[in-house]
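J.: Take a look at the following structure, please.
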Protein chains: 2
Amino acid sequence: MALLVQKFGGTSVGSVERIEAVADKVKKFRDNNDDIVVVVSAMSGETNRLIGLASDIMEEPTPREMDVLVSTGEQVTIALLSMALNKRGCEARSYTGGQVRITTDSSHMKARIVDIDEDNMRADLNAGRVIVVAGFQGMDETGNITTLGRGGSDTTAVALAAALKADECQIYTDVDGVYTTDPRVVDSARRMEKITFEEMIEMASLGSKVLQIRAVEFAGKYNVPLRVLSSFKDGGGTLITTEDNGNMEQPLVSGIAFNRDEAKLTLVGVPDIPGIASKILKPISEQNIEVDMIVQNVGLDKHTDFTFTVHRNDFKRATGVLQQICQDLDAKSVEADDNIAKVSIVGVGMRSHAGVASQMFDALSDEGINIQMISTSEIKISVVIDEKYMELAVRSLHSTFNLDVEPIAE
Amino acid sequence: MALLVQKFGGTSVGSVERIEAVADKVKKFRDNNDDIVVVVSAMSGETNRLIGLASDIMEEPTPREMDVLVSTGEQVTIALLSMALNKRGCEARSYTGGQVRITTDSSHMKARIVDIDEDNMRADLNAGRVIVVAGFQGMDETGNITTLGRGGSDTTAVALAAALKADECQIYTDVDGVYTTDPRVVDSARRMEKITFEEMIEMASLGSKVLQIRAVEFAGKYNVPLRVLSSFKDGGGTLITTEDNGNMEQPLVSGIAFNRDEAKLTLVGVPDIPGIASKILKPISEQNIEVDMIVQNVGLDKHTDFTFTVHRNDFKRATGVLQQICQDLDAKSVEADDNIAKVSIVGVGMRSHAGVASQMFDALSDEGINIQMISTSEIKISVVIDEKYMELAVRSLHSTFNLDVEPIAE
């Protein structure tokens, strides 16, 4: 008997049939005497339908009213799921974000949770009721409806789990867990039993769009065990939790992430004087262009090359801005390349092991892949390579770091 | 400069285009420095869509969850209308029933308003904002969402007008006012400038489905001037208000109502003993059949005939029940007729004038129409006649009581 918070996303509640299937699943846990809080999203398509209505009226709809509008999406789902549970003899009660008293700040459309009043929920749980909460929404201190921004239902689930000190927060999704890498690229990609919060954050931000990063950070901060599972098939999913220090066999590398969303820009032959980085990046950020990797080499002849990556959508704009900067700073030239890919190895094991980087570079070199940029953090090493080598690099690294084989049972 | 509560029903807000048209209308009043509270229904079709989802899950959905579900319909409209007003530079703020603090009892799906907290609204009005309130809904004392039952948006509007002591509560509908009778039957039917609450209740219950009776009763009780107007064309509509005692020229009859929804049943030759009416009607009401008119004549030879009308939908069932009663009470026979119509004249002027009834009966007699039943109240006389004479009777009475001609301007 455990206290579980279970979150079902839009696809999992996309139709009456799917809502009935979720009710079946929840009832199984309840029959096992688990206490259950369910968090649901809007039925898939519904949020976009509502946003469409708003944009028919106003290009930039009033944020306060936008929240009043889109929050109805989850409200429909909580009512329907509660009915489906009641039909199964499983007493359930629905709550909007405001009703369950998820207090947020007043930043409409991107509100942050300030406080959760758990008293109501405790009373229902003690009475044996399943609690069904609308994800993604809350209420500010003066009673205005707020939303947490897209994907915020994950955050709601984690926040409720933290407030209730739940045994586990289970996020049901389209996939059955977090994989060592994308199975569409590497046949032998394996579902991980466990991954740490830090690793999950690095994996997620690099393209494994299973969970909202914000929810993972939140879970890490409050130490809420988080499990990613499939809504549609059975299985243990992947548990995201704190580092298990007792485990001596912590793998060096847990997973390989990659994306081809970025483009690379180099300002060649720029005078190597203090403050030059800011002189280059400030005009870029003033155009609301986000920069990811930045590399600046030691200069020769008082000149240096300055390289950074941006999202491909911003590539053309960034190139234009950089050409102007090139003139202003009297640099030599601008080199631009959008045929690149970023490949990263992620693993908390790196912290205590040297030589991981050279192992990675060797593997790529063995395949004849040239490394264009390198960037490292405590638990991640990323390289930029020619886009055409991306799959090859991922497969090679997946095997180099023994991710193809099941680890010895712990 | 007045304080107005304006209610727009589902058809008036049935699409983004219509919502924009409502915003135009509201803005005109606001530009004239009127303070405006708008009450809206769900977009037409939306409530039925939501009910459909629920009934896909459960035959009799949990009432509490039904309210959570259907209340989203109005919530969508308040957000969209507020956006449309903001776009026009007309500052607006939306409120759900719970947010505006319409407190109701806990009878889900048919809640009654207990209290309205007007403080929030006053603050917004003082700041020059238009307030857009979701009709049909409220919140009980423990924070559960409730709904007032179908058509409850009219009631919300009247209740807000009463709480705010508004100068007028304007109900915008598909029709441009209340008519002396149905213009489809009588070409010369006129829109009334004014009608009393009592008359409106009698007219509405007899088939002029312009307003919810409950809202009219509520308006009468709190003396809220109520105006029915068209959402789609300009015009003064019909003002529903208290009797104007200063007006000596109060017309005898204000309007002619009629319907062919009823059927007539007679138990012939029933023993004329005390308690016989109850012995007949109790088995009928036990079948959930509602009885409208009841007539019992003075008996001859210790026997009498007992006649009543029921809705035509219940005709067959009622006939069956009555045949059983006929046996049980040893009555002579059952006569059943569903080719009848009910025609009524309504007017507060009747109170102080004798002879109205005979004037009515004379008019019908002049047309050769036989009266089968008569029932009277203080401001209404109803007769049951053969259905085929209904239109003739209505036209004849319309002209007899001078409703064809515009009254002298007051």
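We label chains A, B, ... in the order they appear in the structure tokens, count residues from 1 in each chain, and number ligands from 1 in the order shown.
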Please report as a PDB file with N, CA and C atoms, in the first residue's frame which residues of chain B come no farther than 10 Å from chain A, using only C-alpha atoms.

T.:
ATOM      1  N   SER B  15     -20.652  31.712 -32.226  1.00  0.00           N
ATOM      2  CA  SER B  15     -19.432  31.624 -33.037  1.00  0.00           C
ATOM      3  C   SER B  15     -18.551  32.815 -32.689  1.00  0.00           C
ATOM      4  N   VAL B  16     -17.303  32.753 -33.155  1.00  0.00           N
ATOM      5  CA  VAL B  16     -16.397  33.875 -32.913  1.00  0.00           C
ATOM      6  C   VAL B  16     -16.985  35.161 -33.494  1.00  0.00           C
ATOM      7  N   GLU B  17     -17.603  35.063 -34.673  1.00  0.00           N
ATOM      8  CA  GLU B  17     -18.191  36.248 -35.318  1.00  0.00           C
ATOM      9  C   GLU B  17     -19.289  36.838 -34.440  1.00  0.00           C
ATOM     10  N   ILE B  19     -19.634  36.484 -31.217  1.00  0.00           N
ATOM     11  CA  ILE B  19     -19.023  37.040 -30.001  1.00  0.00           C
ATOM     12  C   ILE B  19     -18.477  38.434 -30.296  1.00  0.00           C
ATOM     13  N   GLU B  20     -17.895  38.595 -31.487  1.00  0.00           N
ATOM     14  CA  GLU B  20     -17.387  39.917 -31.872  1.00  0.00           C
ATOM     15  C   GLU B  20     -18.545  40.917 -31.978  1.00  0.00           C
ATOM     16  N   LEU B  50     -20.811  18.477 -24.501  1.00  0.00           N
ATOM     17  CA  LEU B  50     -20.249  18.024 -23.227  1.00  0.00           C
ATOM     18  C   LEU B  50     -21.126  16.945 -22.600  1.00  0.00           C
ATOM     19  N   LEU B  53     -20.435  13.669 -24.229  1.00  0.00           N
ATOM     20  CA  LEU B  53     -19.227  12.996 -23.721  1.00  0.00           C
ATOM     21  C   LEU B  53     -19.544  12.248 -22.434  1.00  0.00           C
ATOM     22  N   ALA B  54     -20.268  12.931 -21.536  1.00  0.00           N
ATOM     23  CA  ALA B  54     -20.595  12.315 -20.244  1.00  0.00           C
ATOM     24  C   ALA B  54     -21.463  11.079 -20.443  1.00  0.00           C
ATOM     25  N   SER B  55     -22.453  11.187 -21.333  1.00  0.00           N
ATOM     26  CA  SER B  55     -23.371  10.055 -21.454  1.00  0.00           C
ATOM     27  C   SER B  55     -22.722   8.898 -22.202  1.00  0.00           C
ATOM     28  N   ASP B  56     -21.595   9.180 -22.908  1.00  0.00           N
ATOM     29  CA  ASP B  56     -20.821   8.068 -23.463  1.00  0.00           C
ATOM     30  C   ASP B  56     -20.190   7.247 -22.347  1.00  0.00           C
ATOM     31  N   ILE B  57     -19.980   7.887 -21.211  1.00  0.00           N
ATOM     32  CA  ILE B  57     -19.311   7.195 -20.098  1.00  0.00           C
ATOM     33  C   ILE B  57     -20.319   6.565 -19.146  1.00  0.00           C
ATOM     34  N   MET B  58     -21.346   7.319 -18.803  1.00  0.00           N
ATOM     35  CA  MET B  58     -22.278   6.875 -17.764  1.00  0.00           C
ATOM     36  C   MET B  58     -23.681   7.270 -18.148  1.00  0.00           C
ATOM     37  N   GLU B  59     -24.621   6.393 -17.910  1.00  0.00           N
ATOM     38  CA  GLU B  59     -26.002   6.707 -18.234  1.00  0.00           C
ATOM     39  C   GLU B  59     -26.502   7.861 -17.354  1.00  0.00           C
ATOM     40  N   GLU B  60     -26.224   7.738 -16.060  1.00  0.00           N
ATOM     41  CA  GLU B  60     -26.580   8.835 -15.154  1.00  0.00           C
ATOM     42  C   GLU B  60     -25.312   9.345 -14.490  1.00  0.00           C
ATOM     43  N   PRO B  61     -24.647  10.302 -15.150  1.00  0.00           N
ATOM     44  CA  PRO B  61     -23.349  10.755 -14.655  1.00  0.00           C
ATOM     45  C   PRO B  61     -23.463  11.372 -13.248  1.00  0.00           C
ATOM     46  N   THR B  62     -22.418  11.209 -12.454  1.00  0.00           N
ATOM     47  CA  THR B  62     -22.359  11.803 -11.123  1.00  0.00           C
ATOM     48  C   THR B  62     -22.703  13.290 -11.221  1.00  0.00           C
ATOM     49  N   PRO B  63     -23.730  13.757 -10.505  1.00  0.00           N
ATOM     50  CA  PRO B  63     -24.132  15.163 -10.638  1.00  0.00           C
ATOM     51  C   PRO B  63     -22.999  16.144 -10.346  1.00  0.00           C
ATOM     52  N   ARG B  64     -22.190  15.862  -9.300  1.00  0.00           N
ATOM     53  CA  ARG B  64     -21.096  16.788  -8.990  1.00  0.00           C
ATOM     54  C   ARG B  64     -20.152  16.927 -10.188  1.00  0.00           C
ATOM     55  N   GLU B  65     -19.816  15.816 -10.818  1.00  0.00           N
ATOM     56  CA  GLU B  65     -18.867  15.860 -11.934  1.00  0.00           C
ATOM     57  C   GLU B  65     -19.517  16.443 -13.194  1.00  0.00           C
ATOM     58  N   MET B  66     -20.817  16.234 -13.320  1.00  0.00           N
ATOM     59  CA  MET B  66     -21.550  16.823 -14.442  1.00  0.00           C
ATOM     60  C   MET B  66     -21.415  18.354 -14.391  1.00  0.00           C
ATOM     61  N   ASP B  67     -21.508  18.909 -13.201  1.00  0.00           N
ATOM     62  CA  ASP B  67     -21.387  20.360 -13.051  1.00  0.00           C
ATOM     63  C   ASP B  67     -19.972  20.842 -13.376  1.00  0.00           C
ATOM     64  N   VAL B  68     -18.965  20.063 -12.948  1.00  0.00           N
ATOM     65  CA  VAL B  68     -17.575  20.413 -13.274  1.00  0.00           C
ATOM     66  C   VAL B  68     -17.420  20.442 -14.799  1.00  0.00           C
ATOM     67  N   LEU B  69     -18.065  19.463 -15.447  1.00  0.00           N
ATOM     68  CA  LEU B  69     -17.956  19.320 -16.906  1.00  0.00           C
ATOM     69  C   LEU B  69     -18.663  20.451 -17.650  1.00  0.00           C
ATOM     70  N   VAL B  70     -19.953  20.591 -17.422  1.00  0.00           N
ATOM     71  CA  VAL B  70     -20.713  21.518 -18.279  1.00  0.00           C
ATOM     72  C   VAL B  70     -20.379  22.980 -17.968  1.00  0.00           C
ATOM     73  N   SER B  71     -19.905  23.272 -16.764  1.00  0.00           N
ATOM     74  CA  SER B  71     -19.578  24.665 -16.440  1.00  0.00           C
ATOM     75  C   SER B  71     -18.421  25.185 -17.286  1.00  0.00           C
ATOM     76  N   THR B  72     -17.668  24.278 -17.926  1.00  0.00           N
ATOM     77  CA  THR B  72     -16.589  24.752 -18.803  1.00  0.00           C
ATOM     78  C   THR B  72     -17.143  25.484 -20.019  1.00  0.00           C
ATOM     79  N   GLY B  73     -18.382  25.150 -20.411  1.00  0.00           N
ATOM     80  CA  GLY B  73     -18.967  25.772 -21.605  1.00  0.00           C
ATOM     81  C   GLY B  73     -19.017  27.290 -21.491  1.00  0.00           C
ATOM     82  N   GLU B  74     -19.550  27.774 -20.391  1.00  0.00           N
ATOM     83  CA  GLU B  74     -19.642  29.225 -20.192  1.00  0.00           C
ATOM     84  C   GLU B  74     -18.262  29.837 -19.968  1.00  0.00           C
ATOM     85  N   GLN B  75     -17.378  29.041 -19.350  1.00  0.00           N
ATOM     86  CA  GLN B  75     -16.042  29.575 -19.053  1.00  0.00           C
ATOM     87  C   GLN B  75     -15.296  29.913 -20.354  1.00  0.00           C
ATOM     88  N   VAL B  76     -15.502  29.096 -21.381  1.00  0.00           N
ATOM     89  CA  VAL B  76     -14.900  29.389 -22.688  1.00  0.00           C
ATOM     90  C   VAL B  76     -15.447  30.718 -23.220  1.00  0.00           C
ATOM     91  N   THR B  77     -16.757  30.906 -23.114  1.00  0.00           N
ATOM     92  CA  THR B  77     -17.362  32.120 -23.671  1.00  0.00           C
ATOM     93  C   THR B  77     -16.891  33.383 -22.954  1.00  0.00           C
ATOM     94  N   ILE B  78     -16.794  33.342 -21.616  1.00  0.00           N
ATOM     95  CA  ILE B  78     -16.389  34.569 -20.902  1.00  0.00           C
ATOM     96  C   ILE B  78     -14.973  34.984 -21.310  1.00  0.00           C
ATOM     97  N   ALA B  79     -14.097  33.991 -21.511  1.00  0.00           N
ATOM     98  CA  ALA B  79     -12.724  34.323 -21.899  1.00  0.00           C
ATOM     99  C   ALA B  79     -12.706  34.956 -23.287  1.00  0.00           C
ATOM    100  N   LEU B  80     -13.438  34.328 -24.231  1.00  0.00           N
ATOM    101  CA  LEU B  80     -13.422  34.835 -25.607  1.00  0.00           C
ATOM    102  C   LEU B  80     -14.052  36.226 -25.689  1.00  0.00           C
ATOM    103  N   LEU B  81     -15.161  36.434 -24.975  1.00  0.00           N
ATOM    104  CA  LEU B  81     -15.808  37.749 -25.034  1.00  0.00           C
ATOM    105  C   LEU B  81     -14.918  38.818 -24.389  1.00  0.00           C
ATOM    106  N   SER B  82     -14.248  38.475 -23.290  1.00  0.00           N
ATOM    107  CA  SER B  82     -13.351  39.453 -22.660  1.00  0.00           C
ATOM    108  C   SER B  82     -12.223  39.834 -23.607  1.00  0.00           C
ATOM    109  N   MET B  83     -11.690  38.833 -24.319  1.00  0.00           N
ATOM    110  CA  MET B  83     -10.648  39.132 -25.310  1.00  0.00           C
ATOM    111  C   MET B  83     -11.188  40.084 -26.380  1.00  0.00           C
ATOM    112  N   ALA B  84     -12.381  39.770 -26.887  1.00  0.00           N
ATOM    113  CA  ALA B  84     -12.970  40.595 -27.943  1.00  0.00           C
ATOM    114  C   ALA B  84     -13.181  42.029 -27.455  1.00  0.00           C
ATOM    115  N   LEU B  85     -13.549  42.193 -26.202  1.00  0.00           N
ATOM    116  CA  LEU B  85     -13.723  43.540 -25.651  1.00  0.00           C
ATOM    117  C   LEU B  85     -12.371  44.229 -25.496  1.00  0.00           C
ATOM    118  N   ASN B  86     -11.394  43.500 -24.957  1.00  0.00           N
ATOM    119  CA  ASN B  86     -10.058  44.082 -24.797  1.00  0.00           C
ATOM    120  C   ASN B  86      -9.503  44.545 -26.146  1.00  0.00           C
ATOM    121  N   LYS B  87      -9.737  43.737 -27.187  1.00  0.00           N
ATOM    122  CA  LYS B  87      -9.266  44.101 -28.520  1.00  0.00           C
ATOM    123  C   LYS B  87      -9.826  45.446 -28.950  1.00  0.00           C
ATOM    124  N   ALA B  92     -11.944  44.640 -20.005  1.00  0.00           N
ATOM    125  CA  ALA B  92     -12.925  43.672 -19.519  1.00  0.00           C
ATOM    126  C   ALA B  92     -12.226  42.604 -18.702  1.00  0.00           C
ATOM    127  N   ARG B  93     -12.966  41.999 -17.799  1.00  0.00           N
ATOM    128  CA  ARG B  93     -12.419  40.923 -16.991  1.00  0.00           C
ATOM    129  C   ARG B  93     -13.477  39.849 -16.811  1.00  0.00           C
ATOM    130  N   SER B  94     -13.071  38.605 -17.005  1.00  0.00           N
ATOM    131  CA  SER B  94     -14.026  37.496 -16.925  1.00  0.00           C
ATOM    132  C   SER B  94     -14.059  36.894 -15.529  1.00  0.00           C
ATOM    133  N   TYR B  95     -15.218  36.364 -15.166  1.00  0.00           N
ATOM    134  CA  TYR B  95     -15.350  35.650 -13.893  1.00  0.00           C
ATOM    135  C   TYR B  95     -16.225  34.418 -14.078  1.00  0.00           C
ATOM    136  N   THR B  96     -15.782  33.294 -13.530  1.00  0.00           N
ATOM    137  CA  THR B  96     -16.668  32.141 -13.440  1.00  0.00           C
ATOM    138  C   THR B  96     -17.681  32.425 -12.332  1.00  0.00           C
ATOM    139  N   GLY B  98     -18.061  30.793  -9.642  1.00  0.00           N
ATOM    140  CA  GLY B  98     -17.364  30.669  -8.362  1.00  0.00           C
ATOM    141  C   GLY B  98     -16.511  31.888  -8.066  1.00  0.00           C
ATOM    142  N   GLN B  99     -15.858  32.436  -9.098  1.00  0.00           N
ATOM    143  CA  GLN B  99     -14.961  33.575  -8.875  1.00  0.00           C
ATOM    144  C   GLN B  99     -15.710  34.842  -8.499  1.00  0.00           C
ATOM    145  N   VAL B 100     -16.876  35.031  -9.112  1.00  0.00           N
ATOM    146  CA  VAL B 100     -17.631  36.246  -8.804  1.00  0.00           C
ATOM    147  C   VAL B 100     -18.328  36.069  -7.452  1.00  0.00           C
ATOM    148  N   THR B 142     -18.574  24.877   0.238  1.00  0.00           N
ATOM    149  CA  THR B 142     -17.290  24.194   0.385  1.00  0.00           C
ATOM    150  C   THR B 142     -16.462  24.238  -0.892  1.00  0.00           C
ATOM    151  N   GLY B 143     -16.889  25.053  -1.868  1.00  0.00           N
ATOM    152  CA  GLY B 143     -16.053  25.254  -3.053  1.00  0.00           C
ATOM    153  C   GLY B 143     -16.342  24.317  -4.201  1.00  0.00           C
ATOM    154  N   ASN B 144     -17.401  23.525  -4.133  1.00  0.00           N
ATOM    155  CA  ASN B 144     -17.777  22.676  -5.266  1.00  0.00           C
ATOM    156  C   ASN B 144     -18.474  23.511  -6.335  1.00  0.00           C
ATOM    157  N   ILE B 145     -18.178  23.206  -7.599  1.00  0.00           N
ATOM    158  CA  ILE B 145     -18.837  23.891  -8.713  1.00  0.00           C
ATOM    159  C   ILE B 145     -20.269  23.382  -8.829  1.00  0.00           C
TER     160      ILE B 145
END

J.: Would you kindly return, as a list of chain:residue names, each protein, DNA or RNA residue with an atom no farther than 12 Å from any atom of Glu335 of chain A, considering only C-alpha atoms and excluding same-chain residues fewer than 3 positions away?

T.: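 Neighbouring residues, sequence-local ones excluded: A:Ala263, A:Lys264, A:Leu265, A:Thr266, A:Leu267, A:Val268, A:Gly269, A:Asp305, A:Phe306, A:Thr307, A:Phe308, A:Thr309, A:Phe315, A:Ala318, A:Thr319, A:Gly320, A:Leu322, A:Gln323, A:Cys326, A:Ala331, A:Lys332, A:Asp338.
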
J.: Please, what distance in Å, to one decimal, runs between atom CA of Val356 of chain B and atom CA of Val228 of chain B?

T.: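 Atom-to-atom, atom CA of Val356 of chain B and atom CA of Val228 of chain B are spaced 28.1 Å apart.
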
J.: Extract the full set of alpha helix (DSSP H) residues from segment 52-288 of chain B according to DSSP on the backbone, and format it as a ChimeraX atom specification.

T.: /B:52-57,63-87,119-126,152-164,197-205,213-222,276-286

J.: List every residue of segment 295-356 of chain B that DSSP, applied to the backbone, labels as strand (DSSP E or B), and write the result as a list in words.

T.: Val295, Gln296, Leu300, His303, Thr304, Asp305, Phe306, Thr307, Phe308, Thr309, Val310, His311, Ser333, Val334, Glu335, Ala336, Asp337, Ile340, Ala341, Lys342, Val343, Ser344, Ile345 and Val346 of chain B

J.: Find the residues near Thr238 of chain B: any atom within 12 Å, counting only C-alpha atoms, skip ones fewer than 2 places away on the same chain, and give them as JSON, numbers by chain.

T.: {"B": [168, 169, 170, 171, 172, 173, 175, 176, 177, 178, 179, 180, 190, 191, 192, 193, 194, 195, 196, 197, 200, 210, 211, 225, 226, 227, 228, 229, 230, 235, 236, 240, 241]}

J.: Keeping only N, CA and C atoms, write the selected residues as an mmCIF file, in the first residue's frame.

T.:
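The result, written out as result_8.cif:
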data_model
loop_
_atom_site.group_PDB
_atom_site.id
_atom_site.type_symbol
_atom_site.label_atom_id
_atom_site.label_comp_id
_atom_site.auth_asym_id
_atom_site.auth_seq_id
_atom_site.Cartn_x
_atom_site.Cartn_y
_atom_site.Cartn_z
ATOM 1 N N GLU B 168 -31.257 48.167 -14.953
ATOM 2 C CA GLU B 168 -32.027 47.304 -15.837
ATOM 3 C C GLU B 168 -31.253 46.025 -16.087
ATOM 4 N N CYS B 169 -32.005 44.934 -16.226
ATOM 5 C CA CYS B 169 -31.414 43.667 -16.635
ATOM 6 C C CYS B 169 -31.915 43.369 -18.037
ATOM 7 N N GLN B 170 -30.998 43.343 -19.018
ATOM 8 C CA GLN B 170 -31.392 43.185 -20.410
ATOM 9 C C GLN B 170 -31.078 41.778 -20.893
ATOM 10 N N ILE B 171 -32.122 41.082 -21.346
ATOM 11 C CA ILE B 171 -31.943 39.717 -21.845
ATOM 12 C C ILE B 171 -32.002 39.747 -23.367
ATOM 13 N N TYR B 172 -30.839 39.508 -24.010
ATOM 14 C CA TYR B 172 -30.786 39.511 -25.475
ATOM 15 C C TYR B 172 -31.081 38.107 -25.990
ATOM 16 N N THR B 173 -32.034 38.027 -26.926
ATOM 17 C CA THR B 173 -32.479 36.714 -27.404
ATOM 18 C C THR B 173 -32.624 36.720 -28.921
ATOM 19 N N VAL B 175 -35.517 36.774 -30.374
ATOM 20 C CA VAL B 175 -36.709 37.552 -30.731
ATOM 21 C C VAL B 175 -36.552 38.977 -30.222
ATOM 22 N N ASP B 176 -37.308 39.901 -30.795
ATOM 23 C CA ASP B 176 -37.092 41.308 -30.458
ATOM 24 C C ASP B 176 -38.029 41.801 -29.364
ATOM 25 N N GLY B 177 -38.711 40.879 -28.688
ATOM 26 C CA GLY B 177 -39.563 41.300 -27.592
ATOM 27 C C GLY B 177 -40.659 40.284 -27.342
ATOM 28 N N VAL B 178 -41.567 40.653 -26.455
ATOM 29 C CA VAL B 178 -42.709 39.790 -26.156
ATOM 30 C C VAL B 178 -43.901 40.320 -26.943
ATOM 31 N N TYR B 179 -44.613 39.424 -27.630
ATOM 32 C CA TYR B 179 -45.705 39.834 -28.506
ATOM 33 C C TYR B 179 -47.062 39.569 -27.860
ATOM 34 N N THR B 180 -48.060 40.297 -28.333
ATOM 35 C CA THR B 180 -49.425 40.121 -27.813
ATOM 36 C C THR B 180 -49.915 38.699 -28.062
ATOM 37 N N ARG B 190 -48.636 42.432 -32.021
ATOM 38 C CA ARG B 190 -47.733 43.566 -31.796
ATOM 39 C C ARG B 190 -46.729 43.244 -30.697
ATOM 40 N N ARG B 191 -45.533 43.788 -30.822
ATOM 41 C CA ARG B 191 -44.573 43.737 -29.728
ATOM 42 C C ARG B 191 -45.070 44.660 -28.621
ATOM 43 N N MET B 192 -45.094 44.168 -27.398
ATOM 44 C CA MET B 192 -45.516 45.003 -26.271
ATOM 45 C C MET B 192 -44.354 45.849 -25.787
ATOM 46 N N GLU B 193 -44.633 47.119 -25.487
ATOM 47 C CA GLU B 193 -43.591 47.976 -24.904
ATOM 48 C C GLU B 193 -43.302 47.528 -23.487
ATOM 49 N N LYS B 194 -44.386 47.127 -22.810
ATOM 50 C CA LYS B 194 -44.311 46.812 -21.389
ATOM 51 C C LYS B 194 -45.206 45.643 -21.062
ATOM 52 N N ILE B 195 -44.861 44.904 -20.062
ATOM 53 C CA ILE B 195 -45.722 43.843 -19.562
ATOM 54 C C ILE B 195 -45.352 43.672 -18.088
ATOM 55 N N THR B 196 -46.293 43.245 -17.262
ATOM 56 C CA THR B 196 -45.948 43.070 -15.846
ATOM 57 C C THR B 196 -45.329 41.691 -15.637
ATOM 58 N N PHE B 197 -44.623 41.549 -14.517
ATOM 59 C CA PHE B 197 -44.019 40.255 -14.183
ATOM 60 C C PHE B 197 -45.062 39.145 -14.175
ATOM 61 N N MET B 200 -46.134 38.208 -17.608
ATOM 62 C CA MET B 200 -45.061 37.507 -18.313
ATOM 63 C C MET B 200 -45.005 36.053 -17.860
ATOM 64 N N VAL B 210 -39.745 32.795 -24.267
ATOM 65 C CA VAL B 210 -38.736 33.828 -24.441
ATOM 66 C C VAL B 210 -37.779 33.834 -23.263
ATOM 67 N N LEU B 211 -38.305 33.673 -22.085
ATOM 68 C CA LEU B 211 -37.544 33.819 -20.851
ATOM 69 C C LEU B 211 -37.807 32.647 -19.926
ATOM 70 N N PRO B 225 -36.092 45.610 -13.031
ATOM 71 C CA PRO B 225 -36.657 45.840 -14.360
ATOM 72 C C PRO B 225 -35.933 44.963 -15.386
ATOM 73 N N LEU B 226 -36.732 44.209 -16.140
ATOM 74 C CA LEU B 226 -36.185 43.194 -17.033
ATOM 75 C C LEU B 226 -36.595 43.578 -18.450
ATOM 76 N N ARG B 227 -35.638 43.573 -19.382
ATOM 77 C CA ARG B 227 -35.983 43.928 -20.755
ATOM 78 C C ARG B 227 -35.552 42.809 -21.694
ATOM 79 N N VAL B 228 -36.481 42.380 -22.553
ATOM 80 C CA VAL B 228 -36.168 41.371 -23.568
ATOM 81 C C VAL B 228 -35.895 42.089 -24.877
ATOM 82 N N LEU B 229 -34.706 41.849 -25.469
ATOM 83 C CA LEU B 229 -34.366 42.514 -26.723
ATOM 84 C C LEU B 229 -33.750 41.513 -27.692
ATOM 85 N N SER B 230 -33.630 41.931 -28.945
ATOM 86 C CA SER B 230 -32.990 41.082 -29.944
ATOM 87 C C SER B 230 -31.483 41.309 -29.945
ATOM 88 N N GLY B 235 -33.726 47.951 -31.435
ATOM 89 C CA GLY B 235 -35.108 48.123 -31.027
ATOM 90 C C GLY B 235 -35.207 48.096 -29.515
ATOM 91 N N GLY B 236 -36.292 48.649 -29.002
ATOM 92 C CA GLY B 236 -36.432 48.828 -27.559
ATOM 93 C C GLY B 236 -36.839 47.569 -26.828
ATOM 94 N N ILE B 240 -40.235 44.331 -18.852
ATOM 95 C CA ILE B 240 -41.063 43.588 -17.909
ATOM 96 C C ILE B 240 -40.847 44.215 -16.546
ATOM 97 N N THR B 241 -41.930 44.695 -15.968
ATOM 98 C CA THR B 241 -41.753 45.482 -14.756
ATOM 99 C C THR B 241 -42.994 45.365 -13.876
#

J.: Given only C-alpha atoms as the basis, pick out the residue of B:Met109, B:Val37, B:Ala393, B:Ala127 nearest to Val186 of chain B.

T.: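 Closest candidate: B:Ala393.
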